[in-house]
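Listing of my_file02.pdb; format and content: PDB, C-alpha atoms.
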```pdb
ATOM      1  CA  MET M   1       0.000   0.000   0.000
ATOM      2  CA  THR M   2       1.054   3.572  -0.642
ATOM      3  CA  THR M   3      -0.018   6.898   0.812
ATOM      4  CA  VAL M   4      -0.329   9.589  -1.852
ATOM      5  CA  VAL M   5      -0.044  13.125  -0.460
ATOM      6  CA  ALA M   6      -0.757  15.973  -2.891
ATOM      7  CA  VAL M   7      -0.385  19.649  -2.016
ATOM      8  CA  ILE M   8      -2.460  21.575  -4.568
ATOM      9  CA  ARG M   9      -4.058  24.939  -5.297
ATOM     10  CA  PRO M  10      -7.437  25.290  -3.543
ATOM     11  CA  ASN M  11      -9.173  26.287  -6.784
ATOM     12  CA  ARG M  12      -8.161  22.963  -8.412
ATOM     13  CA  PHE M  13      -9.551  20.770  -5.626
ATOM     14  CA  GLU M  14     -13.008  20.067  -7.069
ATOM     15  CA  ALA M  15     -11.524  18.824 -10.345
ATOM     16  CA  VAL M  16      -9.030  16.608  -8.490
ATOM     17  CA  LYS M  17     -11.737  15.265  -6.147
ATOM     18  CA  ASP M  18     -14.061  14.435  -9.070
ATOM     19  CA  ALA M  19     -11.247  12.674 -10.951
ATOM     20  CA  LEU M  20     -10.352  10.585  -7.889
ATOM     21  CA  GLN M  21     -13.992   9.652  -7.337
ATOM     22  CA  ASP M  22     -14.236   8.623 -11.008
ATOM     23  CA  LEU M  23     -11.295   6.255 -10.351
ATOM     24  CA  GLY M  24     -13.199   4.695  -7.463
ATOM     25  CA  VAL M  25     -11.162   6.232  -4.649
ATOM     26  CA  SER M  26     -13.427   5.644  -1.679
ATOM     27  CA  GLY M  27     -11.791   7.903   0.879
ATOM     28  CA  MET M  28      -9.461  10.822   1.244
ATOM     29  CA  THR M  29      -8.360  13.285   3.884
ATOM     30  CA  VAL M  30      -8.223  16.980   2.980
ATOM     31  CA  SER M  31      -6.482  19.630   5.099
ATOM     32  CA  GLU M  32      -6.105  23.368   4.644
ATOM     33  CA  VAL M  33      -2.389  24.181   4.797
ATOM     34  CA  ARG M  34      -0.097  27.120   4.061
ATOM     35  CA  GLY M  35       3.333  27.122   2.485
ATOM     36  CA  HIS M  36       5.548  28.171  -0.348
ATOM     37  CA  GLY M  37       8.022  26.671  -2.729
ATOM     38  CA  ARG M  38       9.971  28.382  -5.466
ATOM     39  CA  GLN M  39       7.383  31.128  -5.902
ATOM     40  CA  LYS M  40       8.148  32.520  -2.410
ATOM     41  CA  GLY M  41       4.708  34.104  -2.035
ATOM     42  CA  HIS M  42       3.521  37.353  -3.561
ATOM     43  CA  THR M  43       2.683  40.963  -2.773
ATOM     44  CA  GLU M  44      -0.887  42.248  -2.327
ATOM     45  CA  THR M  45      -2.185  45.786  -1.921
ATOM     46  CA  TYR M  46      -4.873  46.539   0.659
ATOM     47  CA  ARG M  47      -6.093  50.102   1.263
ATOM     48  CA  GLY M  48      -3.046  51.552  -0.438
ATOM     49  CA  ARG M  49      -0.439  49.525   1.476
ATOM     50  CA  GLU M  50       1.553  46.633   0.089
ATOM     51  CA  TYR M  51       1.762  43.412   2.075
ATOM     52  CA  ASP M  52       4.076  40.473   1.478
ATOM     53  CA  ILE M  53       2.228  37.173   1.588
ATOM     54  CA  SER M  54       4.969  34.571   2.042
ATOM     55  CA  LEU M  55       2.833  31.544   2.978
ATOM     56  CA  LEU M  56       0.181  30.804   0.389
ATOM     57  CA  PRO M  57      -2.999  28.809   1.056
ATOM     58  CA  LYS M  58      -2.944  25.249  -0.300
ATOM     59  CA  LEU M  59      -4.899  22.038   0.214
ATOM     60  CA  LYS M  60      -3.280  18.778   1.231
ATOM     61  CA  VAL M  61      -5.084  15.724  -0.148
ATOM     62  CA  GLU M  62      -4.130  12.336   1.304
ATOM     63  CA  VAL M  63      -5.170   8.989  -0.164
ATOM     64  CA  VAL M  64      -4.079   5.475   0.817
ATOM     65  CA  ALA M  65      -4.273   3.060  -2.118
ATOM     66  CA  LYS M  66      -3.238  -0.369  -3.294
ATOM     67  CA  ASP M  67       0.124  -0.226  -5.049
ATOM     68  CA  ASP M  68      -1.358  -1.151  -8.443
ATOM     69  CA  ARG M  69      -3.642   1.926  -8.353
ATOM     70  CA  VAL M  70      -1.041   4.530  -7.383
ATOM     71  CA  GLU M  71       0.036   5.524 -10.913
ATOM     72  CA  ALA M  72      -3.584   6.102 -12.008
ATOM     73  CA  ILE M  73      -4.176   8.252  -8.927
ATOM     74  CA  VAL M  74      -0.996  10.267  -9.502
ATOM     75  CA  ASP M  75      -1.902  10.779 -13.181
ATOM     76  CA  ALA M  76      -5.405  11.963 -12.242
ATOM     77  CA  ILE M  77      -4.002  14.474  -9.745
ATOM     78  CA  ILE M  78      -1.421  15.805 -12.208
ATOM     79  CA  THR M  79      -3.943  16.103 -15.040
ATOM     80  CA  ASN M  80      -6.488  17.971 -12.926
ATOM     81  CA  ALA M  81      -4.221  20.088 -10.692
ATOM     82  CA  ALA M  82      -1.753  21.378 -13.276
ATOM     83  CA  THR M  83      -2.072  24.916 -14.604
ATOM     84  CA  GLY M  84       1.459  25.144 -15.964
ATOM     85  CA  SER M  85       2.429  27.884 -13.501
ATOM     86  CA  ASN M  86       4.638  27.980 -10.427
ATOM     87  CA  GLY M  87       2.676  26.991  -7.351
ATOM     88  CA  ASP M  88       0.783  24.048  -8.854
ATOM     89  CA  GLY M  89       1.980  21.886  -5.962
ATOM     90  CA  LYS M  90       3.754  18.632  -5.246
ATOM     91  CA  ILE M  91       2.924  14.944  -4.857
ATOM     92  CA  PHE M  92       4.664  12.790  -2.256
ATOM     93  CA  LEU M  93       4.483   8.981  -2.147
ATOM     94  CA  TYR M  94       5.034   7.032   1.089
ATOM     95  CA  LYS M  95       5.001   3.276   1.649
ATOM     96  CA  THR M  96       2.284   2.318   4.131
ATOM     97  CA  GLU M  97       2.941  -0.822   6.133
ATOM     98  CA  GLU M  98      -0.473  -1.338   7.679
ATOM     99  CA  VAL M  99      -3.987   0.073   7.764
ATOM    100  CA  ILE M 100      -6.387  -0.742  10.586
ATOM    101  CA  ARG M 101     -10.075   0.149  10.532
ATOM    102  CA  ILE M 102     -10.949   1.207  14.069
ATOM    103  CA  ARG M 103     -14.629   0.185  13.925
ATOM    104  CA  ASN M 104     -14.067  -3.545  13.395
ATOM    105  CA  GLN M 105     -10.271  -3.951  13.544
ATOM    106  CA  GLU M 106      -9.968  -5.038   9.876
ATOM    107  CA  ARG M 107      -6.359  -4.892   8.712
ATOM    108  CA  GLY M 108      -4.558  -4.472   5.429
ATOM    109  CA  GLU M 109      -5.981  -3.563   2.033
ATOM    110  CA  ILE M 110      -9.529  -4.508   3.046
ATOM    111  CA  ALA M 111      -9.408  -1.674   5.607
ATOM    112  CA  ILE M 112      -8.711   1.027   3.013
TER     113      ILE M 112
END
```

For the file at hand, write its structure as structure tokens.
Amino acid sequence: MTTVVAVIRPNRFEAVKDALQDLGVSGMTVSEVRGHGRQKGHTETYRGREYDISLLPKLKVEVVAKDDRVEAIVDAIITNAATGSNGDGKIFLYKTEEVIRIRNQERGEIAI
């Protein structure tokens, strides 16, 4: 099993969510996060004053999947999150040793 963690633009979330649901992804965790990469934030003007915004709002989408489904999930995220501009995000892949469903103590892939 693999945990897929994608940090994406908030305005691309609905497209990513719909694509993952179309693939049959049955569950995901979504968190509001802030950060920056190469773009290093931006400057905004409010009431005539400029403000540096160094940590930009992003969404972190986490999905645990069987190893044979990971590439399809990654492709769906890339296709639906990419705008071609800096700040599109990143995808991280982590090996997951075990999953346990709390309700009935099922373990392994059946618990995903």

| query | Which value, in Å to one decimal, gives the distance between CA of Phe92 in chain M and CA of Val64 in chain M? | reply |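 If I compute the distance from CA of Phe92 in chain M to CA of Val64 in chain M, I get 11.8 Å.
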
| field | Ground truth for the PyMOL selection byres ((chain M and resi 3-20) around 8), written as a VMD selection string | value | chain M and resid 1 to 2 21 to 25 57 to 65 70 73 to 74 76 to 77 80 to 81 87 to 96

| task | Please write the residues picked by the PyMOL selection byres ((chain M and resi 108) around 12) on this file as a PyMOL selection string. | result | chain M and resi 1-2+64-66+96-101+105-107+109-112

To test the calculation: enclose all listed atoms of range 74-87 of chain M in a box whose edges run along x, y and z, add 3 Å on each side, then state centre and edge lengths in Å to one decimal, as AutoDock Vina command-line options.
```
--center_x -0.9 --center_y 19.1 --center_z -11.7 --size_x 17.1 --size_y 23.7 --size_z 14.6
```

| query | How many Å lie between CA of Glu71 in chain M and CA of Arg34 in chain M, rounded to one decimal? | reply |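 It comes out at 26.3 Å.
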
| query | What is the CA of Ser54 in chain M to CA of Thr79 in chain M distance in Å? | reply |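 Here the two named atoms are 26.7 Å from each other.
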
| message | Measuring between all atoms listed in the file, which one of M:Arg38, M:Ser26, M:Asp52, M:Glu32 shows the shortest distance to Asn86 in chain M? | response |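 Distance minimum relative to Asn86 in chain M lands on M:Arg38.
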